[in-house]
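Undergrad: I have a structure here, written as structure tokens, and I will follow up with some questions on it.
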Amino acid sequence: MSHDEKVISVNERIPTLQEKRRRKANKRLLSIVVLFFVLIMVLVYFQSPLSEVKSIQVSGNQLLTDEEILEASGLREGMNIWNIDRNTRIEQTAQLKEVESIEINRLLPSSLSIQVKEYPRVAYVYSDDGYLPLLKNGQILDTVHDSQLVGDAPILVDFTEESLRETIGEQLMQTAPEIVSRISEIMYTPTEDAPEELTLYMTDGMEVRTDLSSFAEYMQPYPQVHAQIDRAQEGVLYMKMSPYFRENDTAQE
């Protein structure tokens, strides 16, 4: 092959190389243009009503109303969905004594979701004015009256000290639900010999004595023990370390 033929061969390749470079440059230019328009659209979105909160969904709440949760969080429609400090809003809402935990999430393009977990209601504290719902954390809610009682928790009588209410709340949470559902009323009835004694009135008609700090442990075998008692007998069932039934006994142990 002659020298001239080699030169011609290289020269023939130059247009092809130039075309490849031109295509690569066009692709780079197109990418820059697309990126520019995306940035413009994002900027317009942030500055336009499109980024405003159109709706707020509240879920998981029973004790609190949607309005109470929204007021505590400070969230409202019309706010910029990206300018919301979720951690701050969560801390604000968590100040409500009914709230155990809370999550706030963005639902794009323009909605918010507030998921609430409330402390469970474990009992009602009896007072002269009505009944005060007691939460798992020992907090007491506003008074409800007879017509508002749900009947989903036992009534506490003479639990005047907060420490007592906290303890019984913790114990009830550790007690099997099927046992708690059989308790109608719990009275704090301490004596000199039994400073933590409780008197329980059950929905099955049984009167029970047990201890506050060991409530969950001592009440655990209640269904089996109760099944062995002759219902024709009247007396008191002592659910303590060793359960026993005392017939016709109206005196404190």
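Within each chain, counting starts at residue 1; across the structure tokens, chains are named A, B, ... in the order shown, with ligands numbered 1 upward in that order.
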So which bits of range 11-253 of chain A end up helix (DSSP H, G or I) when you DSSP the backbone, as a ChimeraX atom specification?

TA: /A:11-47,49-51,66-73,86-93,146-148,162-174,177-180,215-219,222-227

Undergrad: Take the selection from the previous step and output its residues with C-alpha atoms, as a PDB file, in the first residue's frame.

TA:
ATOM      1  CA  ASN A  11      -8.576  11.886   5.760  1.00  0.00           C
ATOM      2  CA  GLU A  12     -11.661   9.814   5.094  1.00  0.00           C
ATOM      3  CA  ARG A  13     -11.978   9.169   8.836  1.00  0.00           C
ATOM      4  CA  ILE A  14     -11.898  12.848   9.832  1.00  0.00           C
ATOM      5  CA  PRO A  15     -15.575  13.589   8.995  1.00  0.00           C
ATOM      6  CA  THR A  16     -16.649  10.590  11.073  1.00  0.00           C
ATOM      7  CA  LEU A  17     -14.672  11.785  14.101  1.00  0.00           C
ATOM      8  CA  GLN A  18     -16.066  15.279  13.742  1.00  0.00           C
ATOM      9  CA  GLU A  19     -19.624  13.896  13.587  1.00  0.00           C
ATOM     10  CA  LYS A  20     -19.099  11.926  16.799  1.00  0.00           C
ATOM     11  CA  ARG A  21     -17.767  15.021  18.561  1.00  0.00           C
ATOM     12  CA  ARG A  22     -20.705  17.064  17.294  1.00  0.00           C
ATOM     13  CA  ARG A  23     -23.201  14.484  18.613  1.00  0.00           C
ATOM     14  CA  LYS A  24     -21.465  14.373  22.009  1.00  0.00           C
ATOM     15  CA  ALA A  25     -21.528  18.180  22.209  1.00  0.00           C
ATOM     16  CA  ASN A  26     -25.216  18.221  21.273  1.00  0.00           C
ATOM     17  CA  LYS A  27     -26.008  15.678  23.987  1.00  0.00           C
ATOM     18  CA  ARG A  28     -24.092  17.723  26.557  1.00  0.00           C
ATOM     19  CA  LEU A  29     -25.935  20.863  25.478  1.00  0.00           C
ATOM     20  CA  LEU A  30     -29.293  19.075  25.653  1.00  0.00           C
ATOM     21  CA  SER A  31     -28.479  17.832  29.184  1.00  0.00           C
ATOM     22  CA  ILE A  32     -27.626  21.364  30.279  1.00  0.00           C
ATOM     23  CA  VAL A  33     -30.866  22.729  28.766  1.00  0.00           C
ATOM     24  CA  VAL A  34     -32.966  19.993  30.449  1.00  0.00           C
ATOM     25  CA  LEU A  35     -31.256  20.589  33.793  1.00  0.00           C
ATOM     26  CA  PHE A  36     -31.857  24.317  33.429  1.00  0.00           C
ATOM     27  CA  PHE A  37     -35.568  23.820  32.785  1.00  0.00           C
ATOM     28  CA  VAL A  38     -35.841  21.352  35.705  1.00  0.00           C
ATOM     29  CA  LEU A  39     -34.265  23.909  38.030  1.00  0.00           C
ATOM     30  CA  ILE A  40     -36.654  26.572  36.715  1.00  0.00           C
ATOM     31  CA  MET A  41     -39.631  24.255  37.324  1.00  0.00           C
ATOM     32  CA  VAL A  42     -38.447  23.440  40.847  1.00  0.00           C
ATOM     33  CA  LEU A  43     -37.991  27.129  41.593  1.00  0.00           C
ATOM     34  CA  VAL A  44     -41.458  27.894  40.258  1.00  0.00           C
ATOM     35  CA  TYR A  45     -42.897  25.022  42.315  1.00  0.00           C
ATOM     36  CA  PHE A  46     -41.342  26.303  45.540  1.00  0.00           C
ATOM     37  CA  GLN A  47     -42.597  29.832  44.906  1.00  0.00           C
ATOM     38  CA  PRO A  49     -49.259  27.702  45.404  1.00  0.00           C
ATOM     39  CA  LEU A  50     -48.403  24.206  44.150  1.00  0.00           C
ATOM     40  CA  SER A  51     -46.122  23.718  47.190  1.00  0.00           C
ATOM     41  CA  ASP A  66     -58.270  16.387  65.081  1.00  0.00           C
ATOM     42  CA  GLU A  67     -58.616  20.085  65.927  1.00  0.00           C
ATOM     43  CA  GLU A  68     -56.727  19.700  69.232  1.00  0.00           C
ATOM     44  CA  ILE A  69     -53.856  17.921  67.494  1.00  0.00           C
ATOM     45  CA  LEU A  70     -53.665  20.491  64.690  1.00  0.00           C
ATOM     46  CA  GLU A  71     -53.710  23.346  67.187  1.00  0.00           C
ATOM     47  CA  ALA A  72     -50.884  21.808  69.224  1.00  0.00           C
ATOM     48  CA  SER A  73     -48.782  21.095  66.125  1.00  0.00           C
ATOM     49  CA  ARG A  86     -41.183  18.338  61.382  1.00  0.00           C
ATOM     50  CA  ASN A  87     -39.053  17.736  64.502  1.00  0.00           C
ATOM     51  CA  THR A  88     -40.255  20.986  66.051  1.00  0.00           C
ATOM     52  CA  ARG A  89     -43.886  20.201  65.207  1.00  0.00           C
ATOM     53  CA  ILE A  90     -43.531  16.717  66.698  1.00  0.00           C
ATOM     54  CA  GLU A  91     -42.063  18.119  69.933  1.00  0.00           C
ATOM     55  CA  GLN A  92     -44.911  20.616  70.201  1.00  0.00           C
ATOM     56  CA  THR A  93     -47.617  17.983  69.716  1.00  0.00           C
ATOM     57  CA  ASP A 146     -72.044   8.613  84.046  1.00  0.00           C
ATOM     58  CA  SER A 147     -73.573   8.984  80.597  1.00  0.00           C
ATOM     59  CA  GLN A 148     -70.077   9.325  79.062  1.00  0.00           C
ATOM     60  CA  GLU A 162     -50.637  10.498  92.092  1.00  0.00           C
ATOM     61  CA  SER A 163     -48.070   7.832  93.023  1.00  0.00           C
ATOM     62  CA  LEU A 164     -50.881   5.370  93.756  1.00  0.00           C
ATOM     63  CA  ARG A 165     -52.527   6.101  90.424  1.00  0.00           C
ATOM     64  CA  GLU A 166     -49.242   5.657  88.560  1.00  0.00           C
ATOM     65  CA  THR A 167     -48.620   2.314  90.256  1.00  0.00           C
ATOM     66  CA  ILE A 168     -52.079   0.893  89.600  1.00  0.00           C
ATOM     67  CA  GLY A 169     -51.871   2.164  86.012  1.00  0.00           C
ATOM     68  CA  GLU A 170     -48.611   0.284  85.457  1.00  0.00           C
ATOM     69  CA  GLN A 171     -50.016  -2.835  87.118  1.00  0.00           C
ATOM     70  CA  LEU A 172     -53.181  -2.799  85.018  1.00  0.00           C
ATOM     71  CA  MET A 173     -51.086  -2.519  81.848  1.00  0.00           C
ATOM     72  CA  GLN A 174     -49.181  -5.653  82.920  1.00  0.00           C
ATOM     73  CA  PRO A 177     -56.868  -7.828  79.252  1.00  0.00           C
ATOM     74  CA  GLU A 178     -59.330 -10.663  79.866  1.00  0.00           C
ATOM     75  CA  ILE A 179     -58.770 -10.253  83.621  1.00  0.00           C
ATOM     76  CA  VAL A 180     -58.959  -6.444  83.572  1.00  0.00           C
ATOM     77  CA  PHE A 215     -51.404  -6.662  91.516  1.00  0.00           C
ATOM     78  CA  ALA A 216     -50.523  -8.057  88.070  1.00  0.00           C
ATOM     79  CA  GLU A 217     -48.648 -11.048  89.490  1.00  0.00           C
ATOM     80  CA  TYR A 218     -51.259 -11.967  92.086  1.00  0.00           C
ATOM     81  CA  MET A 219     -54.245 -11.550  89.729  1.00  0.00           C
ATOM     82  CA  TYR A 222     -57.695 -15.429  88.904  1.00  0.00           C
ATOM     83  CA  PRO A 223     -59.722 -17.262  86.202  1.00  0.00           C
ATOM     84  CA  GLN A 224     -58.455 -20.700  87.315  1.00  0.00           C
ATOM     85  CA  VAL A 225     -58.895 -19.935  91.036  1.00  0.00           C
ATOM     86  CA  HIS A 226     -62.372 -18.470  90.523  1.00  0.00           C
ATOM     87  CA  ALA A 227     -63.477 -21.552  88.586  1.00  0.00           C
TER      88      ALA A 227
END

Undergrad: Counting only C-alpha atoms, what is within 12 Å of Ile140 in chain A, bar same-chain residues fewer than 2 positions away, as a ChimeraX atom specification?

TA: /A:63,96-98,119-127,131-138,142-144,159-162,165-166,169

Undergrad: Excluding Met206 in chain A and its own-chain neighbours fewer than 4 positions away, which residues fall within 12 Å of it when counting only C-alpha atoms? Please give them as JSON, numbers by chain.

TA: {"A": [182, 183, 184, 185, 199, 200, 201, 202, 222, 223, 225, 226, 227, 229, 230, 231, 232, 233, 234, 235, 236, 237, 238, 239, 245, 246, 247]}

Undergrad: Taking N, CA and C atoms for each residue, export the selection above as a tab-separated table (two decimals), in the first residue's frame.

TA:
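Saved to out-v6.tsv:
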chain	number	residue	atom	x	y	z
A	182	ARG	N	-62.82	-8.05	83.58
A	182	ARG	CA	-63.72	-8.63	84.59
A	182	ARG	C	-63.75	-7.82	85.88
A	183	ILE	N	-62.95	-6.71	85.92
A	183	ILE	CA	-62.90	-5.88	87.12
A	183	ILE	C	-63.83	-4.69	86.95
A	184	SER	N	-64.77	-4.55	87.85
A	184	SER	CA	-65.70	-3.42	87.80
A	184	SER	C	-65.18	-2.23	88.58
A	185	GLU	N	-64.62	-2.50	89.78
A	185	GLU	CA	-64.21	-1.41	90.67
A	185	GLU	C	-63.01	-1.84	91.49
A	199	THR	N	-59.31	-3.68	97.40
A	199	THR	CA	-60.54	-4.47	97.34
A	199	THR	C	-61.12	-4.32	95.94
A	200	LEU	N	-61.32	-5.46	95.27
A	200	LEU	CA	-61.83	-5.46	93.91
A	200	LEU	C	-63.25	-6.03	93.88
A	201	TYR	N	-64.10	-5.41	93.11
A	201	TYR	CA	-65.43	-5.93	92.84
A	201	TYR	C	-65.48	-6.34	91.38
A	202	MET	N	-65.71	-7.63	91.16
A	202	MET	CA	-65.64	-8.18	89.82
A	202	MET	C	-67.02	-8.20	89.16
A	222	TYR	N	-56.31	-15.64	88.46
A	222	TYR	CA	-57.69	-15.43	88.90
A	222	TYR	C	-58.71	-16.32	88.18
A	223	PRO	N	-58.70	-16.43	86.86
A	223	PRO	CA	-59.72	-17.26	86.20
A	223	PRO	C	-59.73	-18.71	86.69
A	225	VAL	N	-58.50	-19.89	89.62
A	225	VAL	CA	-58.89	-19.93	91.04
A	225	VAL	C	-60.40	-19.73	91.17
A	226	HIS	N	-60.94	-18.77	90.44
A	226	HIS	CA	-62.37	-18.47	90.52
A	226	HIS	C	-63.21	-19.67	90.09
A	227	ALA	N	-62.72	-20.40	89.10
A	227	ALA	CA	-63.48	-21.55	88.59
A	227	ALA	C	-63.61	-22.66	89.62
A	229	ILE	N	-64.19	-22.19	92.88
A	229	ILE	CA	-64.99	-21.75	94.03
A	229	ILE	C	-66.46	-22.08	93.81
A	230	ASP	N	-67.08	-22.59	94.84
A	230	ASP	CA	-68.51	-22.88	94.80
A	230	ASP	C	-69.26	-21.56	94.87
A	231	ARG	N	-69.99	-21.19	93.82
A	231	ARG	CA	-70.67	-19.92	93.76
A	231	ARG	C	-71.81	-19.82	94.76
A	232	ALA	N	-72.19	-20.93	95.36
A	232	ALA	CA	-73.24	-20.88	96.38
A	232	ALA	C	-72.68	-20.32	97.69
A	233	GLN	N	-71.35	-20.31	97.81
A	233	GLN	CA	-70.71	-19.78	99.01
A	233	GLN	C	-70.52	-18.27	98.87
A	234	GLU	N	-70.68	-17.57	99.98
A	234	GLU	CA	-70.43	-16.14	100.00
A	234	GLU	C	-69.17	-15.88	100.82
A	235	GLY	N	-68.34	-15.00	100.30
A	235	GLY	CA	-67.10	-14.70	101.02
A	235	GLY	C	-66.18	-13.84	100.18
A	236	VAL	N	-64.92	-13.84	100.56
A	236	VAL	CA	-63.92	-13.01	99.90
A	236	VAL	C	-62.79	-13.89	99.38
A	237	LEU	N	-62.40	-13.62	98.14
A	237	LEU	CA	-61.28	-14.34	97.54
A	237	LEU	C	-60.02	-13.50	97.71
A	238	TYR	N	-59.02	-14.07	98.36
A	238	TYR	CA	-57.76	-13.38	98.58
A	238	TYR	C	-56.76	-13.81	97.52
A	239	MET	N	-56.48	-12.90	96.56
A	239	MET	CA	-55.51	-13.19	95.50
A	239	MET	C	-54.18	-12.58	95.93
A	245	PHE	N	-59.80	-18.71	99.63
A	245	PHE	CA	-61.15	-18.16	99.76
A	245	PHE	C	-61.58	-18.26	101.21
A	246	ARG	N	-62.09	-17.13	101.75
A	246	ARG	CA	-62.58	-17.11	103.12
A	246	ARG	C	-64.09	-16.88	103.08
A	247	GLU	N	-64.81	-17.89	103.50
A	247	GLU	CA	-66.27	-17.82	103.46
A	247	GLU	C	-66.84	-16.89	104.52

Undergrad: Give me the residues near Ile114 in chain A as number ranges by chain, where near means some atom within 9 Å (using only C-alpha atoms) and where sequence neighbours in that chain fewer than 3 positions away do not count.

TA: A: 56-60, 69-70, 102-105

Undergrad: Using CA of Ser113 in chain A and CA of Leu141 in chain A as the two end points, give the distance in Å to one decimal.

TA: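 Atom-to-atom, CA of Ser113 in chain A and CA of Leu141 in chain A are spaced 25.6 Å apart.
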
Undergrad: Report, in Å with one decimal, the straight-line distance from CA of Thr210 in chain A to CA of Leu198 in chain A.

TA: 5.3 Å

Undergrad: To test your reading of the structure, identify every residue in range 1-171 of chain A that backbone DSSP assigns to strand (DSSP E), and report it as a PyMOL selection string.

TA: chain A and resi 55-59+99-107+111-118+121-127+130-135+155-157

Undergrad: Once you have the residues from the selection above, write them out as a compact mmCIF listing (two decimals), in the first residue's frame, restricted to N, CA, C and O atoms.

TA:
# COMPACT_ATOMS: atom_id res chain seq x y z
N SER A 55 -54.10 19.67 52.29
CA SER A 55 -54.88 18.87 53.24
C SER A 55 -53.95 18.25 54.28
O SER A 55 -52.77 18.01 54.01
N ILE A 56 -54.49 18.01 55.47
CA ILE A 56 -53.75 17.40 56.57
C ILE A 56 -54.57 16.23 57.11
O ILE A 56 -55.71 16.41 57.54
N GLN A 57 -54.02 15.04 57.06
CA GLN A 57 -54.71 13.84 57.51
C GLN A 57 -54.23 13.46 58.92
O GLN A 57 -53.04 13.32 59.15
N VAL A 58 -55.17 13.32 59.86
CA VAL A 58 -54.85 12.94 61.24
C VAL A 58 -55.42 11.55 61.49
O VAL A 58 -56.59 11.30 61.20
N SER A 59 -54.62 10.65 62.04
CA SER A 59 -55.08 9.29 62.31
C SER A 59 -54.53 8.78 63.64
O SER A 59 -53.53 9.29 64.14
N VAL A 99 -50.60 12.10 74.34
CA VAL A 99 -49.79 11.61 73.22
C VAL A 99 -48.58 10.84 73.73
O VAL A 99 -47.75 11.36 74.48
N GLU A 100 -48.47 9.59 73.29
CA GLU A 100 -47.29 8.78 73.61
C GLU A 100 -46.21 8.96 72.54
O GLU A 100 -45.03 9.08 72.86
N SER A 101 -46.60 8.98 71.28
CA SER A 101 -45.65 9.24 70.20
C SER A 101 -46.42 9.78 69.01
O SER A 101 -47.64 9.65 68.92
N ILE A 102 -45.69 10.39 68.07
CA ILE A 102 -46.33 11.00 66.91
C ILE A 102 -45.36 11.02 65.73
O ILE A 102 -44.15 11.11 65.92
N GLU A 103 -45.91 10.87 64.54
CA GLU A 103 -45.13 10.96 63.31
C GLU A 103 -45.81 11.95 62.37
O GLU A 103 -47.04 11.96 62.25
N ILE A 104 -45.00 12.78 61.72
CA ILE A 104 -45.51 13.73 60.72
C ILE A 104 -44.75 13.49 59.43
O ILE A 104 -43.52 13.53 59.40
N ASN A 105 -45.48 13.20 58.36
CA ASN A 105 -44.86 12.90 57.07
C ASN A 105 -45.48 13.73 55.96
O ASN A 105 -46.66 14.10 56.02
N ARG A 106 -44.67 14.01 54.95
CA ARG A 106 -45.16 14.70 53.76
C ARG A 106 -45.75 13.68 52.79
O ARG A 106 -45.15 12.63 52.54
N LEU A 107 -46.90 13.98 52.25
CA LEU A 107 -47.52 13.17 51.21
C LEU A 107 -47.57 14.04 49.96
O LEU A 107 -48.48 14.86 49.79
N SER A 111 -49.83 17.31 50.64
CA SER A 111 -50.57 16.86 51.82
C SER A 111 -49.61 16.49 52.95
O SER A 111 -48.43 16.19 52.72
N LEU A 112 -50.13 16.51 54.17
CA LEU A 112 -49.38 16.09 55.35
C LEU A 112 -50.14 14.98 56.06
O LEU A 112 -51.38 14.95 56.06
N SER A 113 -49.40 14.08 56.67
CA SER A 113 -50.00 13.00 57.46
C SER A 113 -49.50 13.09 58.89
O SER A 113 -48.28 13.15 59.12
N ILE A 114 -50.43 13.12 59.86
CA ILE A 114 -50.08 13.12 61.28
C ILE A 114 -50.59 11.81 61.88
O ILE A 114 -51.80 11.58 61.94
N GLN A 115 -49.68 10.95 62.29
CA GLN A 115 -50.05 9.66 62.88
C GLN A 115 -49.78 9.72 64.39
O GLN A 115 -48.64 9.90 64.81
N VAL A 116 -50.84 9.56 65.16
CA VAL A 116 -50.76 9.74 66.61
C VAL A 116 -50.91 8.38 67.31
O VAL A 116 -51.75 7.57 66.94
N LYS A 117 -50.07 8.17 68.32
CA LYS A 117 -50.25 7.03 69.22
C LYS A 117 -50.52 7.59 70.61
O LYS A 117 -49.67 8.27 71.18
N GLU A 118 -51.70 7.34 71.13
CA GLU A 118 -52.09 7.88 72.43
C GLU A 118 -51.80 6.86 73.53
O GLU A 118 -51.77 5.65 73.30
N ARG A 121 -56.10 4.25 77.87
CA ARG A 121 -56.87 4.55 79.08
C ARG A 121 -56.97 3.25 79.87
O ARG A 121 -57.45 2.24 79.39
N VAL A 122 -56.50 3.27 81.13
CA VAL A 122 -56.45 2.03 81.92
C VAL A 122 -57.52 1.98 83.00
O VAL A 122 -57.82 0.91 83.52
N ALA A 123 -58.07 3.14 83.38
CA ALA A 123 -59.07 3.15 84.45
C ALA A 123 -59.76 4.51 84.49
O ALA A 123 -59.38 5.44 83.78
N TYR A 124 -60.79 4.59 85.36
CA TYR A 124 -61.46 5.86 85.64
C TYR A 124 -61.34 6.11 87.14
O TYR A 124 -61.68 5.24 87.95
N VAL A 125 -60.86 7.29 87.51
CA VAL A 125 -60.72 7.65 88.92
C VAL A 125 -62.02 8.32 89.37
O VAL A 125 -62.42 9.34 88.80
N TYR A 126 -62.63 7.76 90.40
CA TYR A 126 -63.89 8.32 90.90
C TYR A 126 -63.63 9.61 91.67
O TYR A 126 -62.68 9.73 92.44
N SER A 127 -64.49 10.60 91.42
CA SER A 127 -64.45 11.85 92.18
C SER A 127 -65.89 12.31 92.40
O SER A 127 -66.83 11.79 91.78
N GLY A 130 -67.48 13.42 89.15
CA GLY A 130 -67.63 12.48 88.04
C GLY A 130 -66.48 11.50 88.02
O GLY A 130 -65.96 11.10 89.07
N TYR A 131 -66.05 11.12 86.84
CA TYR A 131 -65.00 10.14 86.68
C TYR A 131 -63.87 10.73 85.81
O TYR A 131 -64.13 11.32 84.77
N LEU A 132 -62.65 10.54 86.28
CA LEU A 132 -61.48 11.09 85.59
C LEU A 132 -60.74 9.97 84.89
O LEU A 132 -60.20 9.07 85.55
N PRO A 133 -60.70 9.95 83.56
CA PRO A 133 -59.96 8.90 82.85
C PRO A 133 -58.48 8.92 83.23
O PRO A 133 -57.84 9.98 83.22
N LEU A 134 -57.95 7.76 83.56
CA LEU A 134 -56.54 7.61 83.93
C LEU A 134 -55.81 6.94 82.78
O LEU A 134 -56.21 5.87 82.31
N LEU A 135 -54.71 7.56 82.32
CA LEU A 135 -53.92 7.01 81.24
C LEU A 135 -52.78 6.16 81.77
O LEU A 135 -52.45 6.19 82.96
N ILE A 155 -63.19 1.21 87.56
CA ILE A 155 -63.29 2.47 88.29
C ILE A 155 -62.41 2.39 89.54
O ILE A 155 -62.43 1.39 90.27
N LEU A 156 -61.61 3.42 89.79
CA LEU A 156 -60.73 3.48 90.96
C LEU A 156 -61.36 4.38 92.02
O LEU A 156 -61.80 5.49 91.72
N VAL A 157 -61.37 3.90 93.25
CA VAL A 157 -61.96 4.66 94.36
C VAL A 157 -60.89 4.87 95.43
O VAL A 157 -60.19 3.92 95.81
